[in-house]
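Enquirer: Input structure: start.cif, which contains mmCIF, C-alpha atoms.
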```cif
data_entry
#
loop_
_atom_site.label_atom_id
_atom_site.label_comp_id
_atom_site.auth_asym_id
_atom_site.auth_seq_id
_atom_site.Cartn_x
_atom_site.Cartn_y
_atom_site.Cartn_z
CA MET A 292 -210.00 -98.47 69.92
CA HIS A 293 -209.78 -97.92 66.15
CA LYS A 294 -207.42 -100.91 65.82
CA ILE A 295 -209.78 -103.08 67.88
CA LYS A 296 -212.72 -102.24 65.61
CA ILE A 297 -210.71 -103.11 62.49
CA ALA A 298 -209.68 -106.45 64.00
CA ALA A 299 -213.29 -107.22 64.95
CA LEU A 300 -214.59 -106.37 61.48
CA SER A 301 -211.89 -108.53 59.89
CA ALA A 302 -212.89 -111.48 62.06
CA LEU A 303 -216.58 -110.99 61.17
CA ALA A 304 -215.70 -110.86 57.48
CA LEU A 305 -213.87 -114.17 57.75
CA LEU A 306 -216.79 -115.78 59.52
CA GLY A 307 -219.31 -114.41 57.06
CA SER A 308 -217.40 -115.79 54.11
CA GLY A 309 -217.17 -119.22 55.69
CA CYS A 310 -213.37 -118.97 55.85
CA ALA A 311 -212.70 -118.85 59.58
CA ALA A 312 -209.01 -118.92 60.39
CA THR A 313 -209.43 -122.15 62.34
CA ASP A 314 -211.11 -124.08 59.48
CA GLU A 315 -209.15 -127.12 58.25
CA PRO A 316 -208.62 -127.66 54.52
CA ALA A 317 -211.44 -129.58 52.86
CA ALA A 318 -210.76 -133.29 52.45
CA PRO A 319 -209.98 -134.30 48.87
CA PRO A 320 -212.77 -136.15 47.08
CA PRO A 321 -212.46 -139.94 47.05
CA LYS A 322 -210.56 -141.38 44.10
CA THR A 323 -212.54 -142.94 41.30
CA ALA A 324 -211.99 -146.54 40.21
CA GLU A 325 -210.13 -145.24 37.15
CA GLU A 326 -207.78 -143.16 39.29
CA LEU A 327 -207.07 -146.17 41.51
CA ALA A 328 -206.10 -148.40 38.58
CA TYR A 329 -202.32 -148.71 38.53
CA ILE A 330 -199.71 -150.56 36.49
CA SER A 331 -196.08 -149.89 37.36
CA ASP A 332 -193.45 -148.82 34.85
CA ALA A 333 -191.35 -151.59 36.42
CA SER A 334 -193.75 -154.31 35.26
CA PRO A 335 -191.90 -157.00 33.29
CA ILE A 336 -195.05 -157.34 31.17
CA GLU A 337 -195.83 -154.52 28.74
CA LYS A 338 -198.46 -152.27 30.31
CA ALA A 339 -201.10 -152.58 27.61
CA ARG A 340 -200.78 -156.36 27.60
CA LEU A 341 -201.12 -156.63 31.38
CA ASP A 342 -204.03 -154.19 31.41
CA ALA A 343 -205.76 -156.23 28.71
CA ALA A 344 -205.53 -159.30 30.95
CA ILE A 345 -206.77 -157.47 34.06
CA SER A 346 -209.62 -155.43 32.55
CA PRO A 347 -212.01 -158.35 31.83
CA LEU A 348 -212.14 -159.12 35.54
CA PHE A 349 -213.81 -155.73 36.04
CA ASP A 350 -215.52 -155.14 32.70
CA ASP A 351 -216.78 -158.53 31.50
CA PRO A 352 -220.23 -159.41 32.95
CA ALA A 353 -219.23 -163.10 32.90
CA MET A 354 -216.77 -162.33 35.71
CA ALA A 355 -219.57 -160.95 37.90
CA GLU A 356 -218.09 -158.55 40.46
CA THR A 357 -214.37 -158.15 40.97
CA ARG A 358 -213.70 -155.69 43.78
CA ALA A 359 -209.90 -155.80 43.95
CA LEU A 360 -207.02 -157.17 41.89
CA LEU A 361 -203.40 -156.88 42.99
CA VAL A 362 -200.28 -158.31 41.34
CA MET A 363 -196.92 -158.48 43.09
CA HIS A 364 -193.75 -159.43 41.24
CA ARG A 365 -190.39 -159.82 42.99
CA GLY A 366 -191.98 -158.38 46.12
CA GLU A 367 -193.23 -155.15 44.51
CA ILE A 368 -196.78 -154.18 43.57
CA ILE A 369 -196.78 -153.90 39.78
CA ALA A 370 -200.53 -153.74 39.23
CA GLU A 371 -203.47 -152.77 41.43
CA ARG A 372 -207.07 -152.04 40.57
CA TYR A 373 -210.29 -151.65 42.56
CA GLY A 374 -213.96 -151.65 41.74
CA GLU A 375 -216.10 -148.59 42.33
CA GLY A 376 -216.44 -147.90 46.05
CA TYR A 377 -213.36 -149.90 47.10
CA ASP A 378 -209.73 -148.93 47.53
CA GLU A 379 -206.44 -149.92 49.15
CA ASN A 380 -207.90 -149.26 52.62
CA THR A 381 -210.96 -151.49 52.19
CA ARG A 382 -211.04 -154.69 54.22
CA PHE A 383 -212.46 -157.66 52.30
CA ILE A 384 -213.79 -160.89 53.79
CA SER A 385 -211.56 -163.92 53.31
CA TRP A 386 -214.08 -166.72 53.41
CA SER A 387 -212.10 -169.95 53.10
CA MET A 388 -208.77 -168.25 52.43
CA ALA A 389 -208.72 -168.14 56.24
CA LYS A 390 -207.99 -171.87 56.27
CA SER A 391 -204.46 -171.28 55.00
CA TYR A 392 -203.83 -168.79 57.81
CA THR A 393 -204.96 -171.47 60.27
CA GLY A 394 -202.60 -173.96 58.65
CA ALA A 395 -199.70 -171.55 59.16
CA LEU A 396 -200.66 -170.86 62.78
CA ILE A 397 -200.67 -174.61 63.53
CA GLY A 398 -197.15 -174.67 62.10
CA PHE A 399 -195.90 -172.19 64.69
CA LEU A 400 -197.11 -174.44 67.52
CA VAL A 401 -195.61 -177.55 65.92
CA ALA A 402 -192.31 -175.68 65.59
CA ASP A 403 -192.55 -174.71 69.26
CA GLY A 404 -192.98 -178.39 70.23
CA ARG A 405 -196.44 -177.74 71.65
CA LEU A 406 -198.23 -179.80 69.00
CA VAL A 407 -197.13 -182.94 67.14
CA LEU A 408 -198.31 -183.57 63.60
CA ASP A 409 -198.94 -187.31 63.94
CA ASP A 410 -200.11 -187.44 67.54
CA PRO A 411 -203.85 -187.76 68.28
CA ALA A 412 -205.45 -184.36 67.94
CA PRO A 413 -205.80 -182.91 71.47
CA VAL A 414 -209.59 -182.64 71.60
CA PRO A 415 -210.72 -183.65 75.13
CA ASP A 416 -214.06 -185.18 74.08
CA TRP A 417 -212.27 -187.53 71.68
CA GLN A 418 -209.98 -189.04 74.30
CA ARG A 419 -212.55 -191.22 76.04
CA PRO A 420 -211.85 -194.97 75.84
CA GLY A 421 -213.33 -196.55 72.73
CA ASP A 422 -214.02 -193.26 70.93
CA PRO A 423 -212.81 -193.74 67.31
CA ARG A 424 -212.22 -190.01 67.00
CA GLY A 425 -209.24 -190.45 69.30
CA HIS A 426 -207.31 -191.76 66.29
CA ILE A 427 -207.64 -188.50 64.34
CA THR A 428 -204.30 -186.69 64.06
CA LEU A 429 -203.41 -183.10 63.20
CA ARG A 430 -202.18 -184.38 59.84
CA HIS A 431 -205.61 -185.86 59.12
CA LEU A 432 -207.27 -182.56 59.97
CA LEU A 433 -204.85 -180.48 57.91
CA HIS A 434 -205.37 -182.81 54.93
CA MET A 435 -209.19 -182.71 55.26
CA SER A 436 -209.18 -186.45 55.87
CA SER A 437 -210.44 -186.72 59.45
CA GLY A 438 -213.27 -189.15 58.64
CA LEU A 439 -215.74 -186.98 60.56
CA ASP A 440 -219.27 -186.66 59.19
CA HIS A 441 -219.08 -183.08 57.96
CA THR A 442 -221.21 -181.80 55.07
CA GLU A 443 -219.77 -178.62 53.60
CA VAL A 444 -222.67 -177.74 51.28
CA ALA A 445 -226.19 -179.03 50.78
CA GLU A 446 -226.63 -181.81 48.23
CA GLU A 447 -228.16 -181.02 44.85
CA ASP A 448 -231.19 -183.23 45.47
CA GLY A 449 -233.26 -180.40 46.90
CA ALA A 450 -231.93 -180.40 50.45
CA ALA A 451 -232.31 -176.99 52.06
CA VAL A 452 -229.18 -174.84 52.22
CA PHE A 453 -229.41 -174.55 56.00
CA GLU A 454 -228.99 -178.31 56.42
CA ALA A 455 -225.29 -178.15 55.55
CA ASP A 456 -222.98 -178.32 58.56
CA THR A 457 -221.19 -175.15 57.51
CA ASN A 458 -224.32 -173.02 57.68
CA GLN A 459 -225.60 -174.73 60.83
CA MET A 460 -222.24 -174.17 62.50
CA LEU A 461 -221.59 -170.57 61.45
CA PHE A 462 -225.06 -169.04 61.41
CA LEU A 463 -227.61 -171.31 63.13
CA SER A 464 -227.56 -173.91 65.93
CA GLY A 465 -223.79 -174.09 66.24
CA ALA A 466 -222.96 -170.40 66.02
CA SER A 467 -222.45 -169.90 69.76
CA ASP A 468 -219.73 -172.59 69.85
CA VAL A 469 -218.50 -173.48 66.38
CA ALA A 470 -215.78 -175.85 67.55
CA GLY A 471 -218.17 -177.65 69.89
CA TYR A 472 -220.52 -178.24 66.97
CA ALA A 473 -217.71 -179.47 64.70
CA GLU A 474 -216.07 -181.71 67.30
CA ALA A 475 -219.35 -183.39 68.27
CA ARG A 476 -219.92 -184.86 64.81
CA PRO A 477 -219.61 -188.67 64.55
CA MET A 478 -217.25 -190.62 62.31
CA GLU A 479 -218.27 -191.72 58.81
CA ALA A 480 -214.91 -193.16 57.70
CA GLU A 481 -211.58 -194.25 59.11
CA PRO A 482 -209.20 -191.34 59.80
CA GLY A 483 -207.07 -190.77 56.72
CA ALA A 484 -209.25 -192.93 54.47
CA LYS A 485 -210.88 -190.23 52.35
CA TYR A 486 -210.71 -186.54 51.48
CA GLU A 487 -213.67 -184.32 52.38
CA TYR A 488 -213.31 -180.55 52.30
CA SER A 489 -214.79 -179.12 55.47
CA THR A 490 -214.90 -175.70 57.12
CA ALA A 491 -215.82 -177.49 60.36
CA THR A 492 -212.42 -179.22 60.27
CA SER A 493 -210.65 -175.86 60.25
CA MET A 494 -212.74 -174.69 63.21
CA ILE A 495 -211.51 -177.71 65.15
CA LEU A 496 -207.93 -176.62 64.38
CA SER A 497 -208.75 -173.09 65.57
CA ASP A 498 -209.99 -174.54 68.85
CA ILE A 499 -206.88 -176.73 69.18
CA ILE A 500 -204.70 -173.65 68.74
CA THR A 501 -206.60 -171.75 71.41
CA ARG A 502 -206.67 -174.59 73.95
CA THR A 503 -202.95 -175.18 73.40
CA LEU A 504 -202.38 -171.57 74.44
CA THR A 505 -204.75 -171.43 77.43
CA ASN A 506 -206.63 -173.80 79.73
CA SER A 507 -209.28 -171.18 80.39
CA SER A 508 -212.85 -171.69 79.24
CA ASP A 509 -213.62 -167.99 79.64
CA PRO A 510 -214.46 -166.65 76.14
CA GLN A 511 -212.70 -163.33 76.67
CA ILE A 512 -209.51 -164.99 77.91
CA ARG A 513 -209.61 -167.42 74.99
CA ARG A 514 -210.05 -164.57 72.54
CA ASP A 515 -207.36 -162.36 74.08
CA THR A 516 -204.87 -165.21 74.31
CA ALA A 517 -205.41 -166.29 70.73
CA MET A 518 -205.10 -162.71 69.46
CA ARG A 519 -201.84 -162.14 71.32
CA PHE A 520 -200.48 -165.24 69.61
CA ILE A 521 -201.82 -164.28 66.17
CA ARG A 522 -200.53 -160.73 66.45
CA GLY A 523 -197.17 -161.71 67.92
CA ARG A 524 -196.34 -164.53 65.52
CA LEU A 525 -198.04 -163.45 62.29
CA LEU A 526 -199.63 -160.01 61.99
CA GLU A 527 -197.01 -157.79 63.61
CA PRO A 528 -193.88 -159.51 62.22
CA LEU A 529 -195.34 -159.28 58.71
CA GLY A 530 -196.73 -155.77 59.16
CA MET A 531 -200.30 -156.86 58.43
CA LYS A 532 -201.86 -154.02 60.42
CA ASP A 533 -205.15 -154.09 58.49
CA THR A 534 -206.02 -157.75 59.15
CA ILE A 535 -208.82 -158.63 61.59
CA PHE A 536 -209.77 -162.10 62.85
CA GLU A 537 -213.37 -162.76 63.90
CA PHE A 538 -214.40 -164.90 66.89
CA ASP A 539 -217.50 -166.80 67.96
CA PRO A 540 -219.15 -166.13 71.36
CA ASN A 541 -217.11 -168.95 72.90
CA GLY A 542 -213.85 -167.21 72.05
CA THR A 543 -212.81 -169.41 69.10
CA PHE A 544 -211.45 -167.55 66.11
CA LEU A 545 -213.25 -168.39 62.88
CA GLY A 546 -210.19 -169.83 61.20
CA GLY A 547 -212.17 -171.67 58.59
CA SER A 548 -213.89 -168.74 56.99
CA ILE A 549 -213.85 -165.22 58.42
CA ILE A 550 -210.85 -162.92 58.35
CA HIS A 551 -211.08 -159.34 57.09
CA ALA A 552 -208.06 -157.71 55.43
CA THR A 553 -206.99 -155.33 52.69
CA ALA A 554 -205.83 -156.67 49.35
CA ARG A 555 -202.31 -155.59 50.28
CA ASP A 556 -202.36 -157.55 53.53
CA TYR A 557 -203.60 -160.64 51.70
CA ALA A 558 -200.74 -160.21 49.24
CA THR A 559 -198.30 -159.92 52.13
CA PHE A 560 -199.45 -163.30 53.45
CA GLY A 561 -199.02 -164.80 49.99
CA GLU A 562 -195.51 -163.38 49.75
CA PHE A 563 -194.72 -164.79 53.19
CA LEU A 564 -195.52 -168.28 51.94
CA ARG A 565 -193.72 -167.65 48.64
CA HIS A 566 -190.61 -166.97 50.70
CA ASN A 567 -191.12 -170.24 52.63
CA GLY A 568 -192.16 -168.55 55.86
CA ALA A 569 -189.62 -165.71 55.78
CA HIS A 570 -190.23 -161.96 55.74
CA ARG A 571 -187.56 -159.37 55.02
CA GLY A 572 -184.81 -161.87 55.66
CA ALA A 573 -186.16 -163.17 58.99
CA GLN A 574 -187.39 -166.77 59.12
CA HIS A 575 -190.63 -166.91 61.12
CA LEU A 576 -192.34 -170.13 60.04
CA PRO A 577 -190.00 -173.10 59.46
CA VAL A 578 -189.27 -173.88 55.81
CA ASN A 579 -190.20 -177.51 56.40
CA TRP A 580 -193.67 -176.52 57.54
CA VAL A 581 -194.36 -174.48 54.40
CA ARG A 582 -193.10 -177.42 52.35
CA PHE A 583 -195.56 -179.64 54.21
CA MET A 584 -198.39 -177.22 53.44
CA ARG A 585 -197.37 -177.29 49.75
CA THR A 586 -197.14 -181.08 49.49
CA SER A 587 -200.07 -183.07 48.09
CA SER A 588 -202.19 -184.93 50.62
CA PRO A 589 -202.65 -188.69 50.05
CA ASN A 590 -206.31 -188.41 49.03
CA ASP A 591 -206.23 -185.39 46.71
CA PRO A 592 -203.14 -184.20 44.80
CA ALA A 593 -204.61 -180.69 44.54
CA TYR A 594 -204.89 -180.24 48.30
CA GLY A 595 -201.96 -179.90 50.69
CA GLY A 596 -201.80 -178.84 54.31
CA HIS A 597 -204.74 -176.43 54.29
CA ILE A 598 -203.78 -174.92 50.96
CA TRP A 599 -204.67 -175.62 47.32
CA LEU A 600 -202.11 -176.89 44.79
CA ASN A 601 -201.90 -176.59 41.01
CA LYS A 602 -202.41 -180.28 40.35
CA GLU A 603 -204.97 -182.39 38.52
CA ARG A 604 -207.72 -183.73 40.78
CA PRO A 605 -209.29 -187.20 40.83
CA GLU A 606 -212.12 -187.75 38.38
CA GLY A 607 -215.42 -186.29 39.53
CA ARG A 608 -213.97 -183.47 41.63
CA ASP A 609 -214.24 -179.85 40.59
CA PRO A 610 -211.01 -178.51 39.05
CA VAL A 611 -209.05 -175.85 40.88
CA LEU A 612 -206.41 -173.43 39.62
CA PHE A 613 -204.84 -174.02 36.17
CA PRO A 614 -202.54 -177.06 35.98
CA ASP A 615 -202.51 -176.93 32.16
CA SER A 616 -201.18 -173.38 31.89
CA ALA A 617 -199.04 -172.56 34.95
CA PRO A 618 -196.20 -174.22 36.86
CA GLU A 619 -197.08 -177.19 39.05
CA THR A 620 -195.50 -175.34 41.99
CA VAL A 621 -198.29 -172.72 42.01
CA PHE A 622 -200.41 -172.82 45.17
CA ALA A 623 -203.28 -170.77 46.50
CA ALA A 624 -205.56 -169.82 49.34
CA LEU A 625 -209.07 -169.92 47.89
CA GLY A 626 -212.40 -168.74 49.28
CA HIS A 627 -216.13 -168.69 48.60
CA LEU A 628 -217.31 -166.27 45.87
CA GLY A 629 -213.93 -166.17 44.15
CA GLN A 630 -211.51 -164.93 46.80
CA MET A 631 -207.96 -165.88 45.76
CA ILE A 632 -204.35 -165.50 46.84
CA VAL A 633 -202.43 -167.23 44.04
CA VAL A 634 -198.68 -167.69 44.50
CA SER A 635 -196.10 -168.85 41.95
CA PRO A 636 -192.63 -169.22 43.46
CA GLU A 637 -191.01 -169.99 40.09
CA GLN A 638 -192.44 -166.77 38.64
CA LYS A 639 -191.81 -164.73 41.80
CA LEU A 640 -195.45 -163.80 41.64
CA THR A 641 -198.43 -163.27 43.96
CA VAL A 642 -201.88 -162.40 42.59
CA VAL A 643 -204.83 -161.42 44.80
CA ARG A 644 -208.39 -161.31 43.49
CA LEU A 645 -211.31 -160.33 45.73
CA GLY A 646 -214.95 -160.01 44.80
CA LYS A 647 -218.35 -161.62 44.63
CA THR A 648 -218.83 -164.30 41.98
CA GLN A 649 -221.15 -167.21 42.68
CA ASP A 650 -219.22 -170.44 42.97
CA ASP A 651 -221.13 -172.23 40.20
CA VAL A 652 -220.18 -169.55 37.62
CA LYS A 653 -216.68 -168.56 38.75
CA GLN A 654 -214.75 -170.62 36.18
CA PRO A 655 -214.30 -167.56 33.90
CA VAL A 656 -212.66 -165.72 36.82
CA ASN A 657 -210.41 -168.68 37.53
CA ASP A 658 -209.44 -168.89 33.85
CA GLN A 659 -208.67 -165.18 33.67
CA ILE A 660 -206.43 -165.31 36.73
CA GLY A 661 -204.67 -168.20 35.00
CA ARG A 662 -204.10 -165.99 31.94
CA ILE A 663 -202.56 -163.29 34.12
CA VAL A 664 -200.25 -165.80 35.79
CA SER A 665 -199.24 -167.32 32.46
CA LEU A 666 -198.02 -163.93 31.18
CA PHE A 667 -195.03 -164.08 33.49
CA PRO A 668 -191.98 -166.12 32.54
CA VAL A 669 -190.64 -168.82 34.84
CA ASN A 670 -187.48 -168.12 36.86
CA ASN A 671 -187.36 -164.52 35.64
#
```
Show the structure stored in the file as structure tokens.
Expert:
Amino acid sequence: MHKIKIAALSALALLGSGCAATDEPAAPPPKTAEELAYISDASPIEKARLDAAISPLFDDPAMAETRALLVMHRGEIIAERYGEGYDENTRFISWSMAKSYTGALIGFLVADGRLVLDDPAPVPDWQRPGDPRGHITLRHLLHMSSGLDHTEVAEEDGAAVFEADTNQMLFLSGASDVAGYAEARPMEAEPGAKYEYSTATSMILSDIITRTLTNSSDPQIRRDTAMRFIRGRLLEPLGMKDTIFEFDPNGTFLGGSIIHATARDYATFGEFLRHNGAHRGAQHLPVNWVRFMRTSSPNDPAYGGHIWLNKERPEGRDPVLFPDSAPETVFAALGHLGQMIVVSPEQKLTVVRLGKTQDDVKQPVNDQIGRIVSLFPVNN
């Protein structure tokens, strides 16, 4: 009885002190932004010099808000920094970086023989006799040269923001069926005649991918089928376990604008393209397809097959990347508000920047990423 009383008193003492034997250790406090900042000893660029190029992205008000910056060299992370409240587990929205994922996914189906680059795009509503849209090919769509009447952003003459096709399609009248909205637009030019950047075009490609994989019109079947394909051909082989694709209510993945992923997963996709569609020695996407993506389209040297290139653009078009300070072979997936996956094969480099910088003031961010890229020697 004496031993029982001692045991009972001991248990009460533990409970009273808040140290019950079954309590788990307290979780460590979240790391601060300073603790998450990292530059590897293996960096080929002296640490202070690399830090001096990265810091303005977070500290200079002209850069607005950078939330993540990651630099990979020779396949290893050599620098990584996050803004307050973000870390390596945070998923960031892609915006238009998603277009390059869609371009790669089309490549898998072309490699499988299920789609043909220069055949008429398999959109049922375009195949009616006399419909000029029946002459649009996959190549036209991938090069943003379909000739469809798509308006990416509102004009500067006072037109309301919601009048742009992108906003109508994603958030207003077309949101329940984004591909249906995009595919219903009329022609304004001959297919292949002119370049016009268009999120709606990428949504058409997303729909083509899905309908190539299933004849079902059931939204859940469309979604499940597309995700099996995306996981099986891209996410799982590359180990991108923190990447999420979003879908509209009709079961079409939003391949023009909405993927969520960590900075590390975005860098993995960039590395995949740097290695011409290979990952850890296994060739997944044919080399020829990645070369197609990285080849200038006829109507804009700075745009390839759903990816941006480090080339001068025709007069009157906004500049992209940094053709005056980095190799011409640099290419990038770019998104609204300054999302970037910048890849330089000659420098064995991938740089990811994620954040929120309004498009009309993001040139300082673009220039600073160019300075980071230019630090690294070519063919090192």
Enquirer: Enumerate, as a list in words, the protein, DNA and RNA residues whose atoms approach (-203.4, -175.4, 64.1) to within 8 Å, taking into account all atoms listed in the file and the coordinate frame of the file.
Expert: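 Residues close enough to count: Thr393, Gly394, Ala395, Leu396, Ile397, Gly398, Leu400, Leu429, Leu496, Ser497, Ile499 and Ile500 of chain A.
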Enquirer: Would you output that residue set with C-alpha atoms, as a short mmCIF file (atom, residue, chain, number, x, y, z; two decimals), in the coordinates of the input?
Expert:
```cif
data_model
loop_
_atom_site.label_atom_id
_atom_site.label_comp_id
_atom_site.auth_asym_id
_atom_site.auth_seq_id
_atom_site.Cartn_x
_atom_site.Cartn_y
_atom_site.Cartn_z
CA THR A 393 -204.96 -171.47 60.27
CA GLY A 394 -202.60 -173.96 58.65
CA ALA A 395 -199.70 -171.55 59.16
CA LEU A 396 -200.66 -170.86 62.78
CA ILE A 397 -200.67 -174.61 63.53
CA GLY A 398 -197.15 -174.67 62.10
CA LEU A 400 -197.11 -174.44 67.52
CA LEU A 429 -203.41 -183.10 63.20
CA LEU A 496 -207.93 -176.62 64.38
CA SER A 497 -208.75 -173.09 65.57
CA ILE A 499 -206.88 -176.73 69.18
CA ILE A 500 -204.70 -173.65 68.74
#
```
Enquirer: Suppose you want the space between CA of Pro592 in chain A and CA of Ala412 in chain A; what is it in Å?
Expert: 23.3 Å
Enquirer: Which of these, A:Arg365, A:Arg476, A:Lys653, A:His551, has the shortest distance to Ser635 in chain A once you count only C-alpha atoms?
Expert: A:Arg365
Enquirer: Which polymer residues, protein or nucleic acid, are no farther than 7 Å from (-200.0, -172.2, 47.1), counting only C-alpha atoms, as an MDAnalysis selection string?
Expert: chainID A and resid 585 598:600 621:624 633:634
Enquirer: If we count only C-alpha atoms and set the cut-off at 6 Å, which residues sit around range 514-524 of chain A, ignoring sequence neighbours fewer than 2 positions away in its own chain? Please answer as a PDB file with C-alpha atoms, in the frame of the given file.
Expert:
```
ATOM      1  CA  THR A 501    -206.600-171.750  71.410  1.00  0.00           C
ATOM      2  CA  GLN A 511    -212.700-163.330  76.670  1.00  0.00           C
ATOM      3  CA  ILE A 512    -209.510-164.990  77.910  1.00  0.00           C
ATOM      4  CA  LEU A 526    -199.630-160.010  61.990  1.00  0.00           C
ATOM      5  CA  GLU A 527    -197.010-157.790  63.610  1.00  0.00           C
ATOM      6  CA  GLY A 542    -213.850-167.210  72.050  1.00  0.00           C
TER       7      GLY A 542
END
```
Enquirer: Kindly give the distance, in Å, that separates CA of Arg571 in chain A and CA of Gly366 in chain A, rounded to a single decimal.
Expert: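 Pair CA of Arg571 in chain A / CA of Gly366 in chain A returns 10.0 Å.
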Enquirer: Which is closer to Arg358 in chain A than all the others in A:Arg430, A:Arg340, A:Arg372, A:His575, using all atoms listed in the file?
Expert: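 Nearest to Arg358 in chain A: A:Arg372.
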Enquirer: Pick out the residues sitting within 8 Å of range 532-536 of chain A, and hand them over as number ranges by chain; count all atoms listed in the file, and ignore anything fewer than 4 positions along from it in its own chain.
Expert: A: 382, 526-527, 544-546, 549-553, 556
Enquirer: Quick one: of A:Val414, A:Val611, A:Ala339, A:Ile345, who's nearest to Arg502 in chain A, counting all atoms listed in the file?
Expert: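 Closest residue, counting all atoms listed in the file: A:Val414.
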Enquirer: Between A:Arg555, A:Pro605, A:Ile632, A:Lys485, which is the closest to Asn380 in chain A once you count only C-alpha atoms?
Expert: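 Going through A:Arg555, A:Pro605, A:Ile632, A:Lys485 one by one, the smallest distance to Asn380 in chain A is for A:Arg555.
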Enquirer: Given all atoms listed in the file as the basis, pick out the residue of A:Asp615, A:Gly561, A:Ser437, A:Pro589 nearest to Pro636 in chain A.
Expert: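 The closest residue to Pro636 in chain A is A:Gly561.
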Enquirer: Show me, as a list in words, the residues that have an atom within 9 Å of Ser489 in chain A when counting all atoms listed in the file, minus same-chain residues fewer than 6 positions from it.
Expert: Met435, His441, Thr442, Glu443, Asp456, Thr457 and Gly547 of chain A
Enquirer: Kindly resolve the PyMOL selection byres ((chain A and resi 423) around 12) on the present coordinates and return the residues as a list in words.
Expert: Pro411, Ala412, Asp416, Trp417, Gln418, Arg419, Pro420, Gly421, Asp422, Arg424, Gly425, His426, Ile427, Thr428, Ser437, Gly438, Leu439, Arg476, Pro477, Met478, Glu479, Ala480, Glu481 and Pro482 of chain A
